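Heads up: the structure comes next, in structure tokens.
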Amino acid sequence: MSDNYTPPKVWDAKSAVGGKFSNINRPTAGAREERNLPVGDHPFQLYSLATPNGVKVSIMFEELLEKGIKEAEYDAYTINIGEGDQFTSGFVEVNPNSKIPAMIDQNNGSPIRVFESGSILLYLAEKFEQFLPKNAAKRTEVINWLFWQVGSGPYLGGGFGHFFSYAPEKLEYPINRFAMETKRQLDLLDKQLKDHKFITGDEYTIADMAIFPWYGALALGKLYDNSAEFLAVHEYKNLQRWANMIKDRPAVKRGRVVNNNWGDEDQQLKERHSEDDFKNINLDNVY
Ligand SMILES: N[C@@H](CCC(=O)N[C@@H](CS)C(=O)NCC(=O)O)C(=O)O
């Protein structure tokens, strides 16, 4: 790699190596291996990993169950994206885009596949009529912020987080570019949360569930080593207040450990099939 890169006339995949996760990247879509996914007995099958995008959905399931909605019972299986599980034929049938999270609603024998974290949150919110207001203006505002998160998150994750933590060398230009945008997003959320208890008002909704695992975790110093200091996240007081409120929700703590396969053993629930599975998990310190 050099400081003065001149792009060739036609890009060549062989030259695009380096950095965390680069070993699984290829410029083609589709299955690389024949392998079926496991299927449990519950109405919903979740194929995921405890990354910020993944935990949005496990938090939603745990919040539905916390409300006593037994029809939201789910089996969760870990998709190890570092090992390429997302490129197996079974996973690609559920999500042709090969990214977690992906879900099947068994729907009494007429399965419906749902992929993209935002789409899954909306699907479950509509199915159970929870965490999404019925009033048109309020509902639209929740969807505005849900789409904001799925559109903005990649600047934080794929942009700032990638160049700050994962890239093979520290490069000033992309770190500056994405730190600028990330700080702007943090300021936006801080301003929004100044006169709103939750993201869109007095109600906790799927917008909070989508935004917390990224921007809440960043504000709490749980994303990308040393980034909290670098981005001075303590300055965003309203965001801090909201993040500290959301992190203490029991369903958020449970959702965070589902499909977690790294860190302390007592915070890893690789498969989740019932509430009993949390018995050996320490939920005190997950965020
Ligand atoms: N827009 C997608 C993004 C999903 C996504 O980027 N998932 C990552 C993990 S956080 C993934 O599966 N990466 C595997 C890969 O890129 O091969 C969503 O919100 O669901």
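The chains in the structure tokens are called A, B, ... from first to last as shown; in each chain the residues are counted from 1, and the ligands are counted from 1 in the order shown.
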Could you list, as JSON, numbers by chain, all residues that come within 7 Å of ligand 1? Count only C-alpha atoms and all ligand atoms.
{"A": [24, 25, 51, 52, 53, 54, 81, 86, 98, 99, 100, 101, 115, 116, 117, 118, 150]}
Extract, using only C-alpha atoms, all DNA, RNA and protein residues at most 7 Å from range 204-218 of chain A, discarding same-chain residues fewer than 4 positions from it, and format them as an MDAnalysis selection string.
chainID A and resid 52 55:56 59:60 121 131:132 142 145:146 149 198:199 222:223 228 243
Those of range 32-267 of chain A in DSSP alpha helix (DSSP H), formatted as a ChimeraX atom specification:
/A:52-66,89-94,117-128,136-154,172-192,206-211,217-219,227-230,237-247,250-257
Mind checking which residues fall within 9 Å of Asn285 in chain A, counting only C-alpha atoms, ignoring those fewer than 2 positions away in the same chain, and posting them as a PyMOL selection string?
chain A and resi 253+267+282-283+287
Please produce a file of the residues just selected, as a PDB file, in the first residue's frame, where the atoms kept are C-alpha atoms.
```pdb
ATOM      1  CA  LYS A 253     -29.337  -6.338  28.232  1.00  0.00           C
ATOM      2  CA  GLN A 267     -21.805 -12.770  28.187  1.00  0.00           C
ATOM      3  CA  ASN A 282     -24.158 -12.276  33.646  1.00  0.00           C
ATOM      4  CA  LEU A 283     -26.439  -9.439  32.575  1.00  0.00           C
ATOM      5  CA  TYR A 287     -23.300  -2.133  28.243  1.00  0.00           C
TER       6      TYR A 287
END
```
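Distance annotation: of A:Ser89, A:Lys191, A:Val286, A:Ala136, the residue with the minimal separation from Glu235 in chain A is A:Lys191; atom set is only C-alpha atoms.
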So how far away is CA of Leu37 in chain A from CA of Leu269 in chain A, in Å?
17.9 Å
Identify, on the basis of only C-alpha atoms, every residue whose closest approach to Asn108 in chain A does not exceed 12 Å; exclude the query and any residue fewer than 2 positions from it along the same chain; express the result as a PyMOL selection string.
chain A and resi 41-44+71+104-106+110-112
Residues of range 22-271 of chain A in strand (DSSP E or B), written as a list of chain:residue names
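DSSP on the backbone gives strand (DSSP E or B) at A:Glu33, A:Phe44, A:Gln45, A:Leu46, A:Tyr47, A:Ser48, A:Tyr74, A:Asp75, A:Ala76, A:Tyr77, A:Thr78, A:Thr88, A:Ala102, A:Met103, A:Ile104, A:Asp105, A:Ile112, A:Arg113, A:Val114, A:Phe115, A:Val258, A:Leu269.
Among A:Leu231, A:Ser152, A:Pro133, A:Ile69, the residue with the shortest atom-to-atom distance to Ile175 in chain A, counting only C-alpha atoms, is A:Leu231.
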Set the distance at 8 Å and use only C-alpha atoms: which residues neighbour Asn36 in chain A once local chain neighbours fewer than 2 positions away are removed? I'd like the list as a list in words.
Glu34, Pro38, Thr88, Ser89, Gly90 and Phe91 of chain A
Check the smallest atom-to-atom distance from each of A:Asn280, A:Ser22, A:Tyr77, A:Arg272 to Pro168 in chain A using only C-alpha atoms, then report the winner.
A:Ser22
Using only C-alpha atoms for the distances, tell me which of A:Lys237, A:Asn244, A:Trp11, A:Asn226 is nearest to Leu189 in chain A.
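Closest candidate: A:Lys237.
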For Val94 in chain A, which of A:Phe128, A:Phe163, A:Tyr47, A:Tyr5 is the closest residue, counting only C-alpha atoms?
A:Tyr47
Test item: residues at most 7 Å from Leu46 in chain A, only C-alpha atoms, excluding those fewer than 3 positions along its chain, as a VMD selection string
chain A and resid 74 to 77 102 to 104
Print the selection's residues with C-alpha atoms to a file, as a PDB file, in the first residue's frame.
```pdb
ATOM      1  CA  TYR A  74     -37.850 -17.170  18.738  1.00  0.00           C
ATOM      2  CA  ASP A  75     -34.884 -19.427  18.132  1.00  0.00           C
ATOM      3  CA  ALA A  76     -31.657 -17.516  17.519  1.00  0.00           C
ATOM      4  CA  TYR A  77     -28.647 -19.074  15.800  1.00  0.00           C
ATOM      5  CA  ALA A 102     -31.906 -12.300   8.763  1.00  0.00           C
ATOM      6  CA  MET A 103     -35.118 -13.876   9.959  1.00  0.00           C
ATOM      7  CA  ILE A 104     -37.829 -16.342   9.008  1.00  0.00           C
TER       8      ILE A 104
END
```
